[in-house]
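Structure file query_36.cif (mmCIF, C-alpha atoms and all ligand atoms) is printed below.
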data_coords
loop_
_atom_site.label_atom_id
_atom_site.label_comp_id
_atom_site.auth_asym_id
_atom_site.auth_seq_id
_atom_site.Cartn_x
_atom_site.Cartn_y
_atom_site.Cartn_z
CA MET A 1 -24.54 -4.21 6.77
CA THR A 2 -23.53 -4.39 3.12
CA GLN A 3 -25.66 -6.63 0.97
CA ILE A 4 -24.09 -9.42 -1.10
CA GLU A 5 -24.42 -8.59 -4.79
CA ASN A 6 -24.78 -10.93 -7.74
CA VAL A 7 -21.95 -10.33 -10.14
CA VAL A 8 -21.29 -11.28 -13.75
CA LEU A 9 -17.58 -11.19 -14.49
CA VAL A 10 -16.32 -10.55 -18.02
CA TYR A 11 -12.63 -11.14 -18.56
CA VAL A 12 -10.95 -9.88 -21.71
CA GLU A 13 -7.80 -11.87 -22.45
CA LEU A 14 -5.40 -9.65 -24.36
CA PRO A 15 -2.12 -10.97 -25.82
CA ASP A 16 0.57 -11.58 -23.14
CA ALA A 17 -2.03 -11.69 -20.34
CA ASN A 18 -1.81 -14.36 -17.67
CA ALA A 19 -5.49 -15.29 -17.67
CA ASP A 20 -5.51 -17.71 -14.71
CA GLN A 21 -3.72 -15.27 -12.47
CA ASP A 22 -5.78 -12.26 -13.59
CA ILE A 23 -9.08 -14.10 -13.10
CA TYR A 24 -8.00 -15.36 -9.68
CA GLU A 25 -7.14 -11.81 -8.59
CA LEU A 26 -10.42 -10.43 -9.98
CA THR A 27 -12.36 -13.13 -8.17
CA GLU A 28 -10.62 -12.22 -4.91
CA LEU A 29 -11.44 -8.56 -5.50
CA VAL A 30 -15.12 -9.36 -6.10
CA HIS A 31 -15.31 -11.41 -2.89
CA THR A 32 -13.58 -8.65 -0.97
CA ALA A 33 -16.20 -6.19 -2.25
CA GLN A 34 -18.90 -8.57 -0.99
CA GLY A 35 -19.97 -9.72 -4.41
CA GLU A 36 -20.84 -13.24 -5.45
CA ILE A 37 -19.89 -14.33 -8.96
CA LYS A 38 -22.90 -15.94 -10.61
CA LEU A 39 -21.51 -16.08 -14.12
CA GLN A 40 -18.02 -15.76 -15.51
CA CYS A 41 -17.24 -15.24 -19.21
CA SER A 42 -14.06 -14.53 -21.07
CA GLN A 43 -12.92 -13.77 -24.58
CA LYS A 44 -9.48 -13.74 -26.18
CA ARG A 45 -8.91 -10.62 -28.21
CA ASN A 46 -6.07 -8.78 -29.89
CA SER A 47 -7.57 -5.46 -28.88
CA ILE A 48 -10.53 -3.95 -27.05
CA ASP A 49 -13.62 -3.08 -29.11
CA VAL A 50 -14.22 0.69 -28.81
CA ASN A 51 -17.95 0.25 -28.29
CA THR A 52 -18.58 -3.11 -26.70
CA VAL A 53 -15.13 -4.16 -25.36
CA VAL A 54 -15.73 -7.77 -26.45
CA GLY A 55 -17.40 -8.77 -29.73
CA LYS A 56 -21.06 -8.05 -30.41
CA GLY A 57 -21.80 -11.77 -30.53
CA LYS A 58 -20.20 -12.24 -27.13
CA ILE A 59 -22.37 -9.51 -25.63
CA GLU A 60 -25.47 -11.24 -27.01
CA GLU A 61 -24.26 -14.54 -25.54
CA ILE A 62 -23.69 -12.94 -22.12
CA LYS A 63 -27.13 -11.35 -22.26
CA ARG A 64 -28.67 -14.72 -23.13
CA LEU A 65 -26.88 -16.45 -20.27
CA MET A 66 -27.92 -13.69 -17.89
CA ASP A 67 -31.55 -14.10 -18.97
CA MET A 68 -31.31 -17.83 -18.37
CA MET A 69 -29.90 -17.37 -14.88
CA ASP A 70 -32.27 -17.93 -11.98
CA CYS A 71 -31.26 -14.87 -10.07
CA ILE A 72 -30.86 -11.46 -11.57
CA ALA A 73 -27.38 -9.99 -11.84
CA ASP A 74 -26.88 -6.72 -9.99
CA VAL A 75 -23.78 -5.68 -11.87
CA VAL A 76 -21.51 -6.77 -14.72
CA ILE A 77 -17.82 -6.23 -14.04
CA PHE A 78 -15.35 -5.96 -16.93
CA SER A 79 -11.66 -6.67 -16.40
CA CYS A 80 -10.45 -3.73 -18.50
CA PRO A 81 -10.98 0.02 -18.00
CA LEU A 82 -14.23 1.21 -19.61
CA SER A 83 -14.72 4.50 -21.44
CA ALA A 84 -17.87 6.60 -21.15
CA THR A 85 -19.07 5.35 -24.56
CA GLN A 86 -18.49 1.71 -23.68
CA ARG A 87 -20.33 2.12 -20.39
CA ALA A 88 -23.36 3.65 -22.08
CA THR A 89 -23.46 1.03 -24.85
CA LEU A 90 -22.93 -1.96 -22.57
CA LYS A 91 -25.48 -0.81 -20.03
CA LYS A 92 -28.07 -0.51 -22.78
CA GLN A 93 -27.25 -3.83 -24.39
CA LEU A 94 -26.94 -5.86 -21.20
CA GLY A 95 -29.80 -4.09 -19.41
CA CYS A 96 -27.71 -4.01 -16.26
CA ASP A 97 -25.23 -1.76 -14.47
CA VAL A 98 -21.72 -2.11 -15.80
CA ILE A 99 -18.46 -1.28 -13.99
CA ASP A 100 -14.77 -2.05 -14.47
CA LYS A 101 -11.93 -3.41 -12.33
CA ILE A 102 -10.86 0.09 -11.32
CA ASP A 103 -14.37 0.88 -10.00
CA LEU A 104 -14.15 -2.39 -8.08
CA ILE A 105 -10.78 -1.56 -6.48
CA LEU A 106 -11.97 1.95 -5.64
CA ASP A 107 -15.08 0.44 -4.08
CA ILE A 108 -12.98 -1.82 -1.84
CA PHE A 109 -10.93 1.17 -0.77
CA ALA A 110 -14.19 2.96 0.07
CA LEU A 111 -15.31 0.03 2.22
CA ARG A 112 -11.96 -0.02 4.01
CA ALA A 113 -11.39 3.68 4.62
CA THR A 114 -11.66 4.56 8.29
CA SER A 115 -9.54 7.63 8.98
CA ALA A 116 -10.72 11.07 7.93
CA GLU A 117 -7.77 11.39 5.58
CA GLY A 118 -8.27 7.92 4.08
CA LYS A 119 -11.94 8.67 3.42
CA LYS A 120 -11.17 11.95 1.67
CA GLN A 121 -8.43 10.33 -0.42
CA VAL A 122 -10.72 7.54 -1.57
CA GLU A 123 -13.62 9.86 -2.34
CA LEU A 124 -11.30 12.09 -4.35
CA ALA A 125 -10.06 9.10 -6.36
CA GLN A 126 -13.60 7.83 -6.95
CA LEU A 127 -14.99 11.17 -8.06
CA SER A 128 -11.99 11.84 -10.32
CA TYR A 129 -12.42 8.44 -11.95
CA ASN A 130 -16.16 8.93 -12.36
CA LEU A 131 -15.67 12.32 -13.98
CA ALA A 132 -13.06 10.94 -16.36
CA THR A 133 -14.88 7.80 -17.47
CA LYS A 134 -18.59 8.05 -16.87
CA PRO A 135 -21.21 9.71 -19.03
CA GLU A 136 -23.62 12.22 -17.47
CA GLY A 137 -26.84 10.43 -16.61
CA ASN A 138 -24.87 7.23 -16.14
CA PHE A 139 -22.46 8.88 -13.77
CA SER A 140 -23.09 6.36 -11.08
CA ARG A 141 -25.05 3.18 -10.74
CA GLN A 142 -28.62 3.82 -9.68
CA GLY A 143 -28.65 1.26 -6.88
CA ALA A 144 -26.49 1.17 -3.81
CA GLY A 145 -23.97 -1.56 -4.52
CA ILE A 146 -20.45 -2.09 -5.79
CA GLY A 147 -19.25 1.00 -7.62
CA THR A 148 -21.70 3.44 -6.02
CA ARG A 149 -20.45 3.44 -2.46
CA GLY A 150 -18.41 6.29 -1.22
CA PRO A 151 -16.32 5.98 1.93
CA GLY A 152 -18.34 5.18 5.05
CA GLU A 153 -21.17 3.94 2.83
CA THR A 154 -22.11 7.47 1.88
CA LYS A 155 -23.45 7.80 -1.63
CA LEU A 156 -21.12 9.40 -4.11
CA GLU A 157 -22.03 12.70 -5.72
CA THR A 158 -23.62 11.86 -9.07
CA ASN A 159 -24.06 15.31 -10.54
CA LYS A 160 -20.98 16.33 -12.51
CA ARG A 161 -20.93 19.98 -11.47
CA ALA A 162 -21.43 19.11 -7.80
CA ALA A 163 -18.74 16.43 -8.12
CA ARG A 164 -16.26 19.01 -9.43
CA GLU A 165 -17.01 21.29 -6.50
CA ARG A 166 -16.62 18.42 -4.07
CA ILE A 167 -13.28 17.48 -5.66
CA TYR A 168 -12.06 21.04 -5.21
CA ARG A 169 -13.07 21.00 -1.53
CA LEU A 170 -11.50 17.60 -0.93
CA ARG A 171 -8.23 18.74 -2.51
CA CYS A 172 -8.12 21.80 -0.24
CA GLU A 173 -8.85 19.73 2.87
CA LEU A 174 -6.24 17.14 1.93
CA LYS A 175 -3.67 19.86 1.36
CA GLU A 176 -4.17 20.98 4.96
CA ILE A 177 -3.75 17.43 6.26
CA GLU A 178 -0.65 17.00 4.11
CA LYS A 179 0.90 20.13 5.63
CA HIS A 180 0.56 18.56 9.06
CA ARG A 181 1.97 15.24 7.83
CA ALA A 182 4.96 16.97 6.22
CA LEU A 183 5.63 18.77 9.49
CA THR A 184 5.62 15.50 11.46
CA ARG A 185 8.00 13.98 8.90
CA LYS A 186 10.30 16.99 9.20
CA GLN A 187 10.29 16.72 13.00
CA ARG A 188 11.17 13.04 12.78
CA ARG A 189 14.06 13.83 10.51
CA GLU A 190 15.20 16.55 12.86
CA ASN A 191 15.10 14.05 15.69
CA ASN A 192 17.36 11.90 13.55
CA MET A 193 14.87 9.07 13.43
CA PHE A 194 15.72 6.45 10.86
CA THR A 195 12.51 5.37 9.09
CA VAL A 196 11.86 1.93 7.67
CA ALA A 197 8.75 1.24 5.58
CA LEU A 198 7.00 -2.09 5.11
CA VAL A 199 5.78 -2.00 1.54
CA GLY A 200 4.40 -4.69 -0.74
CA TYR A 201 1.62 -6.36 -2.65
CA THR A 202 -1.72 -6.51 -0.91
CA ASN A 203 -2.21 -9.49 1.44
CA ALA A 204 1.55 -10.22 1.61
CA GLY A 205 1.52 -10.04 5.42
CA LYS A 206 2.88 -6.52 6.04
CA SER A 207 0.55 -5.77 8.96
CA THR A 208 1.11 -9.20 10.51
CA LEU A 209 4.86 -8.58 10.36
CA PHE A 210 4.43 -5.03 11.66
CA ASN A 211 2.41 -6.29 14.61
CA ARG A 212 4.96 -8.98 15.39
CA LEU A 213 7.89 -6.56 15.26
CA THR A 214 6.31 -3.75 17.23
CA SER A 215 3.68 -5.56 19.34
CA ALA A 216 1.10 -3.30 17.72
CA ASP A 217 -2.44 -4.25 16.92
CA VAL A 218 -2.95 -3.19 13.32
CA TYR A 219 -5.85 -4.85 11.52
CA ALA A 220 -4.55 -7.80 9.50
CA ASP A 221 -6.89 -10.01 7.55
CA ASN A 222 -7.00 -12.36 4.62
CA LYS A 223 -8.65 -9.66 2.55
CA LEU A 224 -7.25 -7.40 -0.11
CA PHE A 225 -6.41 -3.89 1.05
CA ALA A 226 -6.95 -4.57 4.74
CA THR A 227 -4.73 -1.58 5.50
CA LEU A 228 -5.31 1.87 4.07
CA ASP A 229 -3.76 4.16 6.61
CA THR A 230 -0.10 4.33 7.41
CA THR A 231 0.74 3.39 10.98
CA VAL A 232 4.08 4.34 12.50
CA ARG A 233 5.64 2.76 15.62
CA ARG A 234 9.00 2.88 17.33
CA LEU A 235 11.20 -0.19 17.13
CA LYS A 236 14.34 -0.77 19.18
CA LEU A 237 17.23 -2.50 17.40
CA PRO A 238 19.79 -4.80 19.08
CA ASN A 239 22.22 -1.90 19.53
CA ASP A 240 19.50 0.15 21.22
CA ILE A 241 19.12 2.47 18.27
CA GLU A 242 15.46 3.40 17.89
CA ILE A 243 13.88 3.53 14.47
CA LEU A 244 10.39 4.22 13.16
CA LEU A 245 8.65 1.41 11.34
CA CYS A 246 5.72 2.21 9.00
CA ASP A 247 3.01 -0.14 7.83
CA THR A 248 1.51 1.02 4.53
CA VAL A 249 -1.30 0.41 2.04
CA GLY A 250 -0.81 -2.63 -0.23
CA PHE A 251 -0.18 -2.45 -3.95
CA ILE A 252 -1.85 -4.33 -6.76
CA LYS A 253 -1.25 -4.79 -10.47
CA GLU A 254 -2.76 -1.89 -12.41
CA LEU A 255 -3.26 0.12 -9.22
CA PRO A 256 -5.60 2.86 -10.40
CA HIS A 257 -3.62 5.97 -11.12
CA MET A 258 -6.24 8.10 -9.33
CA LEU A 259 -5.55 6.13 -6.19
CA LEU A 260 -1.83 6.67 -6.42
CA GLU A 261 -2.48 10.38 -6.91
CA ALA A 262 -4.99 10.60 -4.08
CA PHE A 263 -2.83 8.52 -1.70
CA LYS A 264 0.34 10.37 -2.58
CA SER A 265 0.79 11.93 0.83
CA THR A 266 0.21 8.62 2.65
CA LEU A 267 2.54 6.84 0.26
CA GLU A 268 5.10 9.56 0.79
CA GLU A 269 5.87 7.83 4.09
CA ALA A 270 7.13 4.89 2.07
CA ALA A 271 8.77 7.01 -0.61
CA THR A 272 10.80 9.02 1.88
CA ALA A 273 11.84 6.12 4.13
CA ASP A 274 15.54 5.45 4.69
CA LEU A 275 15.07 1.74 4.06
CA ILE A 276 12.27 -0.18 2.39
CA LEU A 277 11.27 -3.73 3.25
CA ASN A 278 9.45 -5.15 0.23
CA VAL A 279 7.27 -7.81 1.85
CA CYS A 280 6.00 -10.49 -0.51
CA ASP A 281 4.12 -13.74 -0.22
CA ALA A 282 6.77 -16.33 -1.09
CA SER A 283 4.13 -19.03 -1.33
CA ASP A 284 2.27 -17.21 -4.11
CA GLU A 285 3.27 -18.48 -7.53
CA ASN A 286 3.14 -14.92 -8.85
CA VAL A 287 5.62 -13.63 -6.32
CA ALA A 288 8.00 -12.40 -9.04
CA GLN A 289 5.30 -10.24 -10.56
CA HIS A 290 4.21 -8.95 -7.16
CA ILE A 291 7.75 -7.85 -6.40
CA ALA A 292 8.05 -6.19 -9.80
CA VAL A 293 4.75 -4.32 -9.35
CA THR A 294 5.79 -3.07 -5.92
CA GLU A 295 9.19 -1.93 -7.07
CA SER A 296 7.77 -0.16 -10.11
CA VAL A 297 5.19 1.70 -7.98
CA LEU A 298 8.01 2.69 -5.63
CA ALA A 299 10.00 3.99 -8.58
CA GLU A 300 6.95 5.95 -9.73
CA LEU A 301 6.73 7.49 -6.25
CA GLY A 302 10.37 8.50 -6.49
CA ALA A 303 11.57 6.25 -3.65
CA ALA A 304 15.34 6.15 -3.61
CA ALA A 305 16.05 4.11 -0.47
CA PRO A 306 17.69 0.68 -0.56
CA VAL A 307 15.24 -2.23 -0.70
CA VAL A 308 15.42 -5.47 1.28
CA ARG A 309 13.11 -8.23 0.08
CA VAL A 310 11.24 -10.04 2.80
CA TYR A 311 9.88 -13.36 1.58
CA ASN A 312 6.99 -14.00 3.95
CA LYS A 313 4.68 -16.98 4.54
CA CYS A 314 7.60 -19.41 4.35
CA ASP A 315 5.58 -21.79 6.51
CA LYS A 316 3.47 -22.36 3.37
CA LEU A 317 6.41 -22.85 1.06
CA SER A 318 6.67 -26.34 -0.39
CA GLY A 319 9.30 -25.80 -3.09
CA THR A 320 11.48 -22.86 -3.93
CA ALA A 321 11.50 -23.42 -7.70
CA SER A 322 9.60 -20.22 -8.49
CA LEU A 323 11.96 -18.25 -6.29
CA GLY A 324 15.21 -19.53 -7.79
CA GLN A 325 15.65 -16.79 -10.33
CA LEU A 326 14.70 -14.02 -7.93
CA LEU A 327 17.19 -15.18 -5.39
CA GLY A 328 19.94 -14.92 -7.98
CA GLU A 329 19.35 -11.16 -8.12
CA ASN A 330 21.66 -8.89 -6.29
CA VAL A 331 19.24 -7.83 -3.54
CA THR A 332 19.38 -8.56 0.17
CA SER A 333 16.63 -11.01 0.97
CA VAL A 334 15.35 -12.80 4.03
CA PHE A 335 12.83 -15.61 4.49
CA VAL A 336 10.37 -15.27 7.35
CA SER A 337 7.00 -16.38 8.60
CA ALA A 338 5.31 -13.40 10.20
CA LEU A 339 2.51 -15.67 11.36
CA ARG A 340 4.73 -18.18 13.17
CA GLY A 341 7.52 -15.76 13.95
CA ASP A 342 10.26 -17.76 12.17
CA ASN A 343 13.30 -15.62 11.35
CA VAL A 344 11.49 -12.39 12.19
CA GLU A 345 14.23 -11.65 14.71
CA LEU A 346 16.67 -11.31 11.78
CA LEU A 347 14.94 -8.19 10.53
CA PRO A 348 16.07 -5.79 13.29
CA GLU A 349 19.63 -7.05 12.69
CA ILE A 350 19.34 -6.44 8.95
CA ILE A 351 17.88 -2.98 9.52
CA GLU A 352 20.68 -2.23 11.91
CA ARG A 353 23.28 -3.23 9.34
CA TYR A 354 21.88 -0.60 6.98
CA ILE A 355 21.80 2.01 9.70
CA LEU A 356 25.37 1.30 10.70
CA GLU A 357 26.44 2.08 7.15
CA LYS A 358 25.34 5.63 7.89
CA TYR A 359 25.78 5.85 11.64
CA SER A 360 28.48 5.00 14.15
CA VAL A 361 27.60 3.80 17.62
CA VAL A 362 30.21 5.19 20.00
CA GLN A 363 30.84 5.16 23.73
CA LEU A 364 31.51 8.70 24.95
CA LYS A 365 32.96 10.14 28.13
CA ALA A 366 33.39 13.76 29.25
CA PRO A 367 34.43 15.40 32.52
CA HIS A 368 31.77 17.50 34.29
CA ALA A 369 33.20 20.71 32.94
CA GLU A 370 32.67 19.54 29.35
CA ALA A 371 29.49 17.51 29.78
CA ALA A 372 27.24 20.36 28.71
CA ASN A 373 29.40 20.96 25.64
CA LEU A 374 29.25 17.27 24.64
CA LEU A 375 25.48 17.08 25.08
CA ALA A 376 25.04 20.26 23.06
CA LEU A 377 27.13 18.81 20.23
CA LEU A 378 25.14 15.58 20.25
CA SER A 379 21.92 17.52 20.12
CA LYS A 380 23.20 19.79 17.32
CA TYR A 381 24.23 16.80 15.21
CA ARG A 382 21.06 14.92 16.10
CA ALA A 383 22.63 11.88 17.68
CA GLN A 384 20.53 9.32 19.54
CA CYS A 385 21.83 8.98 23.09
CA ARG A 386 21.49 5.96 25.40
CA ASP A 387 22.69 4.89 28.86
CA VAL A 388 23.56 8.37 30.09
CA HIS A 389 25.35 8.05 33.48
CA TYR A 390 26.69 10.78 35.71
CA SER A 391 29.42 9.85 38.17
CA ASP A 392 32.14 11.63 40.15
CA GLU A 393 34.28 11.61 37.03
CA GLY A 394 31.76 13.11 34.70
CA VAL A 395 29.27 11.77 32.16
CA THR A 396 29.39 8.57 30.10
CA LEU A 397 26.91 7.61 27.39
CA ARG A 398 26.42 5.69 24.17
CA ALA A 399 25.45 7.58 21.05
CA ALA A 400 24.45 6.70 17.51
CA ILE A 401 25.73 9.55 15.42
CA SER A 402 25.87 10.05 11.67
CA LYS A 403 29.30 9.06 10.29
CA LYS A 404 29.49 12.52 8.75
CA TYR A 405 29.66 14.09 12.22
CA VAL A 406 31.48 11.53 14.33
CA SER A 407 34.74 13.52 14.08
CA VAL A 408 33.02 16.36 15.97
CA VAL A 409 32.85 14.24 19.14
CA ALA A 410 36.05 12.26 18.46
CA LYS A 411 37.87 13.58 21.49
CA TYR A 412 35.18 12.22 23.80
CA ILE A 413 35.24 8.65 22.43
CA SER A 414 36.22 6.14 25.07
CA PHE A 415 36.88 2.43 24.60
N1 LIG A 501 0.56 -18.80 6.43
C1 LIG A 501 0.89 -17.53 6.69
N2 LIG A 501 -0.05 -16.57 6.62
C2 LIG A 501 0.33 -15.30 6.88
C3 LIG A 501 1.66 -14.94 7.21
N3 LIG A 501 1.72 -13.60 7.39
C4 LIG A 501 0.47 -13.14 7.19
N4 LIG A 501 -0.37 -14.15 6.90
C5 LIG A 501 -1.83 -14.07 6.62
O1 LIG A 501 -2.02 -13.35 5.41
C6 LIG A 501 -3.21 -12.56 5.47
C7 LIG A 501 -2.89 -11.11 5.13
O2 LIG A 501 -2.08 -10.56 6.16
P1 LIG A 501 -1.96 -8.98 6.39
O3 LIG A 501 -0.90 -8.82 7.42
O4 LIG A 501 -3.28 -8.35 6.60
O5 LIG A 501 -1.40 -8.57 4.96
P2 LIG A 501 -1.07 -7.07 4.43
O6 LIG A 501 0.14 -7.18 3.56
O7 LIG A 501 -0.99 -6.13 5.57
O8 LIG A 501 -2.35 -6.82 3.52
P3 LIG A 501 -3.00 -5.40 3.05
O9 LIG A 501 -3.10 -4.51 4.24
O10 LIG A 501 -4.30 -5.87 2.53
O11 LIG A 501 -2.12 -4.86 1.98
C8 LIG A 501 -3.74 -12.75 6.89
O12 LIG A 501 -4.76 -13.72 6.84
C9 LIG A 501 -2.55 -13.25 7.68
O13 LIG A 501 -2.90 -14.07 8.78
C10 LIG A 501 2.65 -16.01 7.29
O14 LIG A 501 3.82 -15.82 7.57
N5 LIG A 501 2.18 -17.26 7.00
MG MG A 502 -2.05 -4.48 5.98
#

Any chance you could put this one into C-alpha cells?
Amino acid sequence: MTQIENVVLVYVELPDANADQDIYELTELVHTAQGEIKLQCSQKRNSIDVNTVVGKGKIEEIKRLMDMMDCIADVVIFSCPLSATQRATLKKQLGCDVIDKIDLILDIFALRATSAEGKKQVELAQLSYNLATKPEGNFSRQGAGIGTRGPGETKLETNKRAARERIYRLRCELKEIEKHRALTRKQRRENNMFTVALVGYTNAGKSTLFNRLTSADVYADNKLFATLDTTVRRLKLPNDIEILLCDTVGFIKELPHMLLEAFKSTLEEAATADLILNVCDASDENVAQHIAVTESVLAELGAAAPVVRVYNKCDKLSGTASLGQLLGENVTSVFVSALRGDNVELLPEIIERYILEKYSVVQLKAPHAEAANLLALLSKYRAQCRDVHYSDEGVTLRAAISKKYVSVVAKYISF
C-alpha cells in the first residue's frame, strides 16, 4: 500500500502560460501519484532562475510557510524541469526533497506499469532522466515516496555507475521484446489486417470506448495514465471486414521525452496504424490544446495515417462554444459518449468508409475446376474472405481485397 505524501507545489508562471489549466493538471497529477497538496505557491516570471528557479525571496517565503505548517512536507514539486544544480540548491535551501513535473509523471507511470515490457520501459525512462538531471549524492530522494519509486514499487538504482549498467541491460532486453513485437506487426500486415489505433490525451475515454467497441475489459478509470500497455482486439465492421483496434497509452502536455523514447515500440502500434482515432474529452475546456498535443506527438512519432477526431463525453457537454472553431477544420469528426454508448455505433461505419477507400468488397464465384486457383489468388493478394459456400456449381464467397489487386480476380466477380 502506497502511503499518501504531503506535497508542496510550486508553480512558475512563464509568459504565455495558461496558469489555471496548468495548475489543475498538476494537481490531478499529484493526486494520481497519491500525494496530498498541503501548500501551493506560484510566481510569475519572465524566465527561470538558473539556481533557484523562482526568486530568492520566494524560496525564503516558501520555507517560512513550510515551517509554519502543522505537518511536515515530504516533497516539494516544481512545475518546470529542474537541472542538477537547481535540485542541489533547492534541496539545501528548503531542507526537503525536491522533484519536478517530469519526475512526477514518471512516478505515475511507475505506479501504473504492469506488463514486463511496460515496467522496463518506465525504469529506462526514469533512470535516463535521473542520470541527465540529478547530481550524484542527490541522485534519488532518500525516502520511499514520489520520485523514488521504480516500477512495481522497487527502488530505483541510485548509484550512477550501476544505473548506467542497468540502462544498458534494459535497452538490450527491450530490443528483444521489440523484435517480437515487430514480427507480430509484420504478420498482421501479411494477413492484410487493417489496424485502427485509439490515441489521445490521458483520461479522454479511450479505454472506455475500446471496451464498448470490442466488449473487452481494459482497465478504465478516472485517473491519469490508467493505460500503459497497448491492447489489440479484433473488431468486425458492418460489411464483415475484420480490423484490429488498439488501445494505447495517453498523452499529456510536455510528455517527458524520455518516456516517448522508452515507449517508442509501444507507441509504434499507433504510429503504424492505417487509421487513427484521436479521442478527446469534448467537455474539457482545453480540448483544443489536447487535440493539438496529441497530433503533434503523433507527428513526432512519424504517424502518417489519416486522423478522425472522436469527441467523447458528449453526455457532459453543455455548450459547444469551445468546439466551434475546431469543427470548422477540415477533419472528419464524430460526437460520442463512450460511457452511455451514444453514437458509438457510427465508428465502425466511419472506419469502414476509410477501409473501402483502399479495399473493394466483392462477391466472387468460381466453378470447382477453378476454385483452388481463385483461393490461391485471394491468399496471394491477402484478401479477407467471408461466407465461403461450396455447391454443385462451385464456390461462392465474399472478399475484401485491396483495390490495387481487384483486377486479378475480376473474372470471378459475380453480381
Ligand atoms: N461522462 C463520461 N465519462 C466518460 C466517458 N468516457 C469515459 N469516461 C470516464 O472518463 C474516465 C477515463 O476513462 P478511460 O477510458 O480510462 O480514459 P483513457 O483515455 O483510456 O485514459 P488513460 O488510459 O489514462 O489515457 C473514466 O472515469 C470513464 O468512466 C463518457 O463518454 N462520458
Ligand atoms: Mg486508457

Residues within 7 Å of ligand LIG 501 (chain A) should be enumerated using only C-alpha atoms and all ligand atoms and returned as number ranges by chain. A: 200-209, 219-228, 249-251, 312-316, 336-340

Tell me, as a PyMOL selection string, which residues lie within 7 Å of segment 47-52 of chain A, counting all atoms listed in the file; anything in the same chain fewer than 6 positions away does not count. chain A and resi 14+85-86+89-90

Could you list, with a cut-off of 10 Å and counting all atoms listed in the file, the residues of segment 78-126 of chain A near segment 29-37 of chain A, each shown with its nearest atom pair and the distance in Å rounded to one decimal, rows sorted by chain and ascending number, as a Markdown table?
| residue | atom | partner | partner_atom | distance |
| --- | --- | --- | --- | --- |
| A:Lys101 | CA | A:Leu29 | CA | 8.6 |
| A:Leu104 | CA | A:Leu29 | CA | 7.2 |
| A:Ile105 | CA | A:Leu29 | CA | 7.1 |
| A:Leu106 | CA | A:Ala33 | CA | 9.8 |
| A:Asp107 | CA | A:Ala33 | CA | 7.0 |
| A:Ile108 | CA | A:Ala33 | CA | 5.4 |
| A:Phe109 | CA | A:Ala33 | CA | 9.2 |
| A:Ala110 | CA | A:Ala33 | CA | 9.7 |
| A:Leu111 | CA | A:Ala33 | CA | 7.7 |
| A:Arg112 | CA | A:Ala33 | CA | 9.8 |

With C-alpha atoms kept, could you save the residues just selected as an mmCIF file, keeping the file's coordinate frame?
data_model
loop_
_atom_site.group_PDB
_atom_site.id
_atom_site.type_symbol
_atom_site.label_atom_id
_atom_site.label_comp_id
_atom_site.auth_asym_id
_atom_site.auth_seq_id
_atom_site.Cartn_x
_atom_site.Cartn_y
_atom_site.Cartn_z
ATOM 1 C CA LYS A 101 -11.930 -3.410 -12.330
ATOM 2 C CA LEU A 104 -14.150 -2.390 -8.080
ATOM 3 C CA ILE A 105 -10.780 -1.560 -6.480
ATOM 4 C CA LEU A 106 -11.970 1.950 -5.640
ATOM 5 C CA ASP A 107 -15.080 0.440 -4.080
ATOM 6 C CA ILE A 108 -12.980 -1.820 -1.840
ATOM 7 C CA PHE A 109 -10.930 1.170 -0.770
ATOM 8 C CA ALA A 110 -14.190 2.960 0.070
ATOM 9 C CA LEU A 111 -15.310 0.030 2.220
ATOM 10 C CA ARG A 112 -11.960 -0.020 4.010
#

I'd like the interatomic distance between atom CA of Arg309 of chain A and atom CA of Phe263 of chain A, to a tenth of an Å.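 Taking atom CA of Arg309 of chain A as the start and atom CA of Phe263 of chain A as the end point, the length is 23.2 Å.
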
Counting all atoms listed in the file, figure out which residue out of A:Thr231, A:Thr154, A:Ser115, A:Gln289 gets nearest to ligand MG 502 (chain A).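 Residue with the minimum atom-to-atom distance to ligand MG 502 (chain A): A:Thr231.
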
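The coordinates place atom CA of Ser83 of chain A at 15.9 Å from atom CA of Gly55 of chain A.
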
Compile the contact shell of Gly95 of chain A as number ranges by chain: residues with an atom at most 12 Å away, counting only C-alpha atoms, same-chain residues fewer than 3 positions apart removed. A: 59-60, 62-64, 66-67, 72-76, 87-92, 98

Selection file, C-alpha atoms, as a compact mmCIF listing (two decimals), in the coordinates of the input:
# COMPACT_ATOMS: atom_id res chain seq x y z
CA ILE A 59 -22.37 -9.51 -25.63
CA GLU A 60 -25.47 -11.24 -27.01
CA ILE A 62 -23.69 -12.94 -22.12
CA LYS A 63 -27.13 -11.35 -22.26
CA ARG A 64 -28.67 -14.72 -23.13
CA MET A 66 -27.92 -13.69 -17.89
CA ASP A 67 -31.55 -14.10 -18.97
CA ILE A 72 -30.86 -11.46 -11.57
CA ALA A 73 -27.38 -9.99 -11.84
CA ASP A 74 -26.88 -6.72 -9.99
CA VAL A 75 -23.78 -5.68 -11.87
CA VAL A 76 -21.51 -6.77 -14.72
CA ARG A 87 -20.33 2.12 -20.39
CA ALA A 88 -23.36 3.65 -22.08
CA THR A 89 -23.46 1.03 -24.85
CA LEU A 90 -22.93 -1.96 -22.57
CA LYS A 91 -25.48 -0.81 -20.03
CA LYS A 92 -28.07 -0.51 -22.78
CA VAL A 98 -21.72 -2.11 -15.80

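Our summary of the geometry notes that atom CA of Gln40 of chain A is positioned 19.5 Å from atom CA of Pro15 of chain A.
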
For each of A:Thr230, A:Ser215, A:Gln43, A:Ser407, take the minimum atom-to-atom distance to ligand MG 502 (chain A), counting only C-alpha atoms and all ligand atoms, then give the residue where this is smallest.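 Of A:Thr230, A:Ser215, A:Gln43, A:Ser407, the one nearest ligand MG 502 (chain A), counting only C-alpha atoms and all ligand atoms, is A:Thr230.
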
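The residues that lie within 12 Å of the point (31.6, 16.2, 13.6), counting only C-alpha atoms, are Ser360, Leu374, Leu377, Leu378, Ser379, Lys380, Tyr381, Arg382, Ala383, Ile401, Ser402, Lys403, Lys404, Tyr405, Val406, Ser407, Val408, Val409, Ala410, Lys411 and Tyr412 of chain A.
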
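Every protein or nucleic acid residue with an atom no more than 10 Å from Ala116 of chain A, counting only C-alpha atoms and leaving out same-chain residues fewer than 3 positions away, appears here: Ala113, Lys119, Lys120, Gln121, Pro151, Leu174, Ile177 and Asp229 of chain A.
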
Shell of 12 Å around His180 of chain A, all atoms listed in the file, local chain residues under 6 positions omitted, as a list in words: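 The neighbour list is Glu117, Glu173, Leu174, Lys186, Gln187, Ser265 and Thr266 of chain A.
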